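J.: My structure is below; once you've seen it, I'll send some questions.
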Amino acid sequence: MSLVVARARRASAREWRADGLEAALWLTAATALAFFVASGGVLTTAPIDYLYSLGRASGIVAAVLVLNQVMLISRVPAVERVLGHDRAAALHMRMGKVAIILMLVHASLLLMMTARYDGNPVWSQAVALWDLGWFMAAAQAALGLFAVVFATSLLIVRRRWRYESWHAVHLIVYAAIALAVPHQFLEGSTFRTHDAARWFWLVLYVLAFGCLLAFRVARPLLRLRRHDLRVADVRTEPDGSTSVTVVGRNLDRLNALPGQFFLWRFLDRDRWREAHPYSLSRAPQDSALRITAKPSGDHSASLRHLAIGERVLVEGPLGVFTDVVRHGGRVVFVCAGVGITPIRAMLETLPADVDDCHVIVRVRTLDDAPLLAEVRDIAARRGADVHVLAGGRGVGWAPAGRAASLADLVPALTDTDVYICGPQPWADVVEADARACGVPVAFIHRERFGW
């Protein structure tokens, strides 16, 4: 069997596993609904009573989706390897939107139906629910907090907010979950009367929050002690970007691959509260890792002020923007701005079975291109062709005044793996061009860092 065929089969198998895992997460909601029905959750004496059951069912599905969200952001290695970080993040967001809508349906229908049963106005009924116990007031507070998280996650809001502000508000979702859990077990008759359902929910909660504590808290702290990561060098590149080299013990045990990224938390007084994603800008070594960042925000601009010897806590490696997803022996790397960093790392370790490689670099000016000299040097040694497209913004992804297509630079793209890394709107245009040139969707690889 040729290497190309073997790679294609592995890539196809990985896609099947990713689709299967995503389907399994959605099916957990169906399992919860099955327990709900089996335990006699659908109680009706008149057709309108189905609205009450629908309200209860929507709350059950919303709770499952929220727990799945926690699992997806727990950095579980198996999930990261199968889905990849960007697909896991996208699924997390989709489930969150569905969960919020279902929570509103749950609260609205139950409030209206209980008001009807008790003969109270809706607003009076909302207050009357507090008589059932403190947990109902807590559940109403949780709904309000979830609504705040949902509102701040809308694209029109996120674009106007700094990442740090958005992330701080987003953390209140954990408080919302803590407030919502008690009413589910203390008021939900499904869990009081059905042992299998109760165990199902306990396992879900333990698994979700166990993974969160294990991989978001315990694992990074253990790595901090085991590998003793510290800043060893901080260098300002000619284009103004900052390269930070971090050294430590036995870093090969991190199993990082070129093209992947970590969440970096520098443990000094100004930066310890924030973890930011930066790709490796050099192939990982046994004793050193390097990142390179453009000063595009407060955190990236502050990297040049890092002190030598500062301790570093990392989460990862994350992402499947690596050689693992490659199908064949022909590769095109397309990058813009600081998106060149994972490309540079992958180019450095280009496998021997890649017989044709092109690197397309989109920059405003040659002086503005990070690591371009390194990319050219590595490409010359590896026998790869480098195409630099410099100039201001045009109509498509190429510079103004140049109607370039991928096919103009690299002919016969139908059996070529295309790796794209750059600002999301720009990368969307490149992907559309690649599809128009006949590149199969499975052969197009991206890593989305959008929050």
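Ordered as shown in the structure tokens, chains take letters A, B, and onward, while each chain numbers its residues from 1 and ligands are numbered from 1 in the order shown.
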Select from stretch 219-328 of chain A everything DSSP, run on the backbone, classes as strand (DSSP E), then give the selection as a ChimeraX atom specification.
T.: /A:230-236,242-247,261-266,276-279,288-293,312-318
J.: Take the residues just selected and output them with N, CA and C atoms as an mmCIF file, in the first residue's frame.
T.:
```cif
data_model
loop_
_atom_site.group_PDB
_atom_site.id
_atom_site.type_symbol
_atom_site.label_atom_id
_atom_site.label_comp_id
_atom_site.auth_asym_id
_atom_site.auth_seq_id
_atom_site.Cartn_x
_atom_site.Cartn_y
_atom_site.Cartn_z
ATOM 1 N N ARG A 230 10.278 27.817 31.987
ATOM 2 C CA ARG A 230 10.676 29.181 32.297
ATOM 3 C C ARG A 230 11.081 29.921 31.033
ATOM 4 N N VAL A 231 10.865 31.234 31.043
ATOM 5 C CA VAL A 231 11.267 32.075 29.918
ATOM 6 C C VAL A 231 12.793 32.127 29.870
ATOM 7 N N ALA A 232 13.355 31.779 28.695
ATOM 8 C CA ALA A 232 14.811 31.780 28.538
ATOM 9 C C ALA A 232 15.302 32.899 27.630
ATOM 10 N N ASP A 233 14.454 33.348 26.714
ATOM 11 C CA ASP A 233 14.895 34.384 25.783
ATOM 12 C C ASP A 233 13.679 35.140 25.256
ATOM 13 N N VAL A 234 13.801 36.444 25.152
ATOM 14 C CA VAL A 234 12.763 37.307 24.583
ATOM 15 C C VAL A 234 13.431 38.185 23.536
ATOM 16 N N ARG A 235 12.961 38.051 22.287
ATOM 17 C CA ARG A 235 13.632 38.756 21.199
ATOM 18 C C ARG A 235 12.606 39.488 20.337
ATOM 19 N N THR A 236 12.916 40.729 20.027
ATOM 20 C CA THR A 236 12.068 41.502 19.115
ATOM 21 C C THR A 236 12.538 41.261 17.690
ATOM 22 N N THR A 242 7.328 39.610 18.572
ATOM 23 C CA THR A 242 8.159 39.160 19.690
ATOM 24 C C THR A 242 8.243 37.643 19.698
ATOM 25 N N SER A 243 9.459 37.134 19.751
ATOM 26 C CA SER A 243 9.678 35.692 19.892
ATOM 27 C C SER A 243 10.103 35.391 21.319
ATOM 28 N N VAL A 244 9.423 34.433 21.927
ATOM 29 C CA VAL A 244 9.711 34.042 23.312
ATOM 30 C C VAL A 244 10.116 32.573 23.310
ATOM 31 N N THR A 245 11.292 32.294 23.824
ATOM 32 C CA THR A 245 11.766 30.918 23.960
ATOM 33 C C THR A 245 11.605 30.482 25.410
ATOM 34 N N VAL A 246 10.960 29.343 25.594
ATOM 35 C CA VAL A 246 10.715 28.783 26.920
ATOM 36 C C VAL A 246 11.473 27.468 27.031
ATOM 37 N N VAL A 247 12.197 27.287 28.117
ATOM 38 C CA VAL A 247 12.957 26.051 28.305
ATOM 39 C C VAL A 247 12.376 25.281 29.489
ATOM 40 N N PHE A 261 -0.628 24.459 18.984
ATOM 41 C CA PHE A 261 -0.460 25.615 19.850
ATOM 42 C C PHE A 261 -0.726 25.220 21.299
ATOM 43 N N PHE A 262 -0.301 26.075 22.196
ATOM 44 C CA PHE A 262 -0.578 25.925 23.617
ATOM 45 C C PHE A 262 -1.333 27.158 24.092
ATOM 46 N N LEU A 263 -1.994 27.024 25.227
ATOM 47 C CA LEU A 263 -2.490 28.183 25.955
ATOM 48 C C LEU A 263 -1.413 28.537 26.972
ATOM 49 N N TRP A 264 -0.872 29.745 26.875
ATOM 50 C CA TRP A 264 0.286 30.152 27.661
ATOM 51 C C TRP A 264 -0.151 31.099 28.775
ATOM 52 N N ARG A 265 0.272 30.782 29.984
ATOM 53 C CA ARG A 265 -0.002 31.635 31.134
ATOM 54 C C ARG A 265 1.345 31.971 31.799
ATOM 55 N N PHE A 266 1.779 33.217 31.623
ATOM 56 C CA PHE A 266 3.046 33.653 32.202
ATOM 57 C C PHE A 266 2.779 34.133 33.627
ATOM 58 N N HIS A 276 -3.405 32.723 26.968
ATOM 59 C CA HIS A 276 -3.645 33.085 25.571
ATOM 60 C C HIS A 276 -3.061 32.032 24.638
ATOM 61 N N PRO A 277 -3.718 31.814 23.476
ATOM 62 C CA PRO A 277 -3.219 30.805 22.534
ATOM 63 C C PRO A 277 -2.147 31.374 21.610
ATOM 64 N N TYR A 278 -1.004 30.700 21.566
ATOM 65 C CA TYR A 278 0.060 31.044 20.626
ATOM 66 C C TYR A 278 0.600 29.748 20.030
ATOM 67 N N SER A 279 0.732 29.731 18.702
ATOM 68 C CA SER A 279 1.285 28.557 18.025
ATOM 69 C C SER A 279 2.793 28.480 18.227
ATOM 70 N N ALA A 288 13.240 22.960 24.683
ATOM 71 C CA ALA A 288 12.844 24.341 24.389
ATOM 72 C C ALA A 288 11.635 24.393 23.458
ATOM 73 N N LEU A 289 10.785 25.393 23.695
ATOM 74 C CA LEU A 289 9.648 25.707 22.829
ATOM 75 C C LEU A 289 9.736 27.195 22.502
ATOM 76 N N ARG A 290 9.285 27.558 21.301
ATOM 77 C CA ARG A 290 9.312 28.979 20.934
ATOM 78 C C ARG A 290 7.977 29.402 20.356
ATOM 79 N N ILE A 291 7.540 30.602 20.724
ATOM 80 C CA ILE A 291 6.356 31.211 20.130
ATOM 81 C C ILE A 291 6.745 32.574 19.577
ATOM 82 N N THR A 292 5.965 33.054 18.615
ATOM 83 C CA THR A 292 6.177 34.383 18.044
ATOM 84 C C THR A 292 4.824 35.049 17.906
ATOM 85 N N ALA A 293 4.705 36.275 18.413
ATOM 86 C CA ALA A 293 3.414 36.965 18.420
ATOM 87 C C ALA A 293 3.566 38.393 17.928
ATOM 88 N N VAL A 312 6.246 29.549 33.595
ATOM 89 C CA VAL A 312 5.205 29.491 32.571
ATOM 90 C C VAL A 312 4.350 28.249 32.792
ATOM 91 N N LEU A 313 3.039 28.437 32.762
ATOM 92 C CA LEU A 313 2.085 27.340 32.861
ATOM 93 C C LEU A 313 1.411 27.183 31.508
ATOM 94 N N VAL A 314 1.341 25.951 31.008
ATOM 95 C CA VAL A 314 0.790 25.721 29.669
ATOM 96 C C VAL A 314 -0.339 24.698 29.699
ATOM 97 N N GLU A 315 -1.270 24.864 28.778
ATOM 98 C CA GLU A 315 -2.313 23.873 28.503
ATOM 99 C C GLU A 315 -2.166 23.461 27.057
ATOM 100 N N GLY A 316 -2.140 22.178 26.814
ATOM 101 C CA GLY A 316 -1.984 21.698 25.454
ATOM 102 C C GLY A 316 -0.990 20.547 25.401
ATOM 103 N N PRO A 317 -0.521 20.221 24.193
ATOM 104 C CA PRO A 317 -0.729 20.907 22.917
ATOM 105 C C PRO A 317 -2.147 20.719 22.383
ATOM 106 N N LEU A 318 -2.586 21.691 21.590
ATOM 107 C CA LEU A 318 -3.939 21.705 21.079
ATOM 108 C C LEU A 318 -3.930 21.845 19.556
#
```
J.: Skip stretch 60-67 of chain A itself and residues of its chain fewer than 6 positions away, then list as a ChimeraX atom specification all residues within 8 Å of it, counting only C-alpha atoms.
T.: /A:26,28-30,32-33,95-96,98-100,102-103,204-205,208
J.: Closest to A:Leu212 among A:Gly422, A:Gly297, A:Gly391, A:Pro77, using only C-alpha atoms?
T.: A:Pro77
J.: Go ahead and compute the interatomic distance for atom CA of A:Ala107 and atom CA of A:Leu132, in Å to one decimal.
T.: 15.2 Å
J.: So which one's closest to A:Leu267, A:Leu221, A:Leu251, A:Ala336, A:Leu25? Using only C-alpha atoms, please.
T.: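 The answer is A:Leu221, which sits nearest to A:Leu267.
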J.: For atom CA of A:Ala307 and atom CA of A:Met346, quote the distance in Å rounded to one decimal.
T.: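 These two atoms are separated by 28.4 Å.
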J.: Using DSSP on the backbone coordinates, identify the residues of stretch 236-447 of chain A assigned to alpha helix (DSSP H); present them as a ChimeraX atom specification.
T.: /A:298-302,340-348,372-382,406-409,424-436
J.: Between A:Ala390, A:Ala373, A:Val334, A:Ala78, which one has atoms that come closest to A:Ala434, using only C-alpha atoms?
T.: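 Closest residue, counting only C-alpha atoms: A:Val334.
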J.: Fewer than 3 positions away in the same chain doesn't count, so skip those; otherwise give me all residues within 12 Å of A:Ala404, counting only C-alpha atoms, as a PyMOL selection string.
T.: chain A and resi 360+362+387-390+394-401+407-410+429-430+433-434
J.: Write to file, as an mmCIF file, in the first residue's frame, the residues of the selection just made, with C-alpha atoms.
T.:
```cif
data_model
loop_
_atom_site.group_PDB
_atom_site.id
_atom_site.type_symbol
_atom_site.label_atom_id
_atom_site.label_comp_id
_atom_site.auth_asym_id
_atom_site.auth_seq_id
_atom_site.Cartn_x
_atom_site.Cartn_y
_atom_site.Cartn_z
ATOM 1 C CA ILE A 360 2.265 31.305 -0.153
ATOM 2 C CA ARG A 362 0.462 37.236 2.146
ATOM 3 C CA HIS A 387 5.513 32.870 -3.156
ATOM 4 C CA VAL A 388 5.358 36.219 -1.362
ATOM 5 C CA LEU A 389 2.367 38.422 -2.197
ATOM 6 C CA ALA A 390 2.969 41.898 -0.815
ATOM 7 C CA GLY A 394 -7.581 44.028 -2.434
ATOM 8 C CA VAL A 395 -10.965 42.592 -3.382
ATOM 9 C CA GLY A 396 -10.022 38.962 -2.750
ATOM 10 C CA TRP A 397 -7.271 37.430 -0.645
ATOM 11 C CA ALA A 398 -4.461 38.721 -2.882
ATOM 12 C CA PRO A 399 -3.005 42.254 -2.801
ATOM 13 C CA ALA A 400 -4.805 45.181 -4.410
ATOM 14 C CA GLY A 401 -4.440 45.225 -8.165
ATOM 15 C CA ALA A 407 -4.424 27.986 -9.364
ATOM 16 C CA ASP A 408 -2.335 30.847 -10.790
ATOM 17 C CA LEU A 409 0.455 30.049 -8.349
ATOM 18 C CA VAL A 410 0.122 26.274 -8.010
ATOM 19 C CA VAL A 429 -11.806 33.797 1.058
ATOM 20 C CA VAL A 430 -8.750 31.587 0.559
ATOM 21 C CA ASP A 433 -10.827 29.947 -3.734
ATOM 22 C CA ALA A 434 -9.333 26.536 -2.929
#
```
J.: With only C-alpha atoms as the counted atoms, please give the residues lying no more than 8 Å from stretch 414-421 of chain A, apart from itself and same-chain residues fewer than 3 positions off, as a list in words.
T.: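 Selected residues are Phe321, Arg326, His327, Gly328, Gly329, Arg330, Val331, Val332, Phe333, Val334, Cys335, Ala336, Gly339, Ile340, Ile343, Ala427, Val430, Glu431, Ala434, Cys437, Gly438, Val439, Pro440, Phe443, Ile444, His445, Arg446, Glu447 and Arg448 of chain A.
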J.: Just checking: using only C-alpha atoms, which residue out of A:Gly259, A:Leu21, A:Ala301, A:Asp252 ends up closest to A:Ser287?
T.: A:Asp252
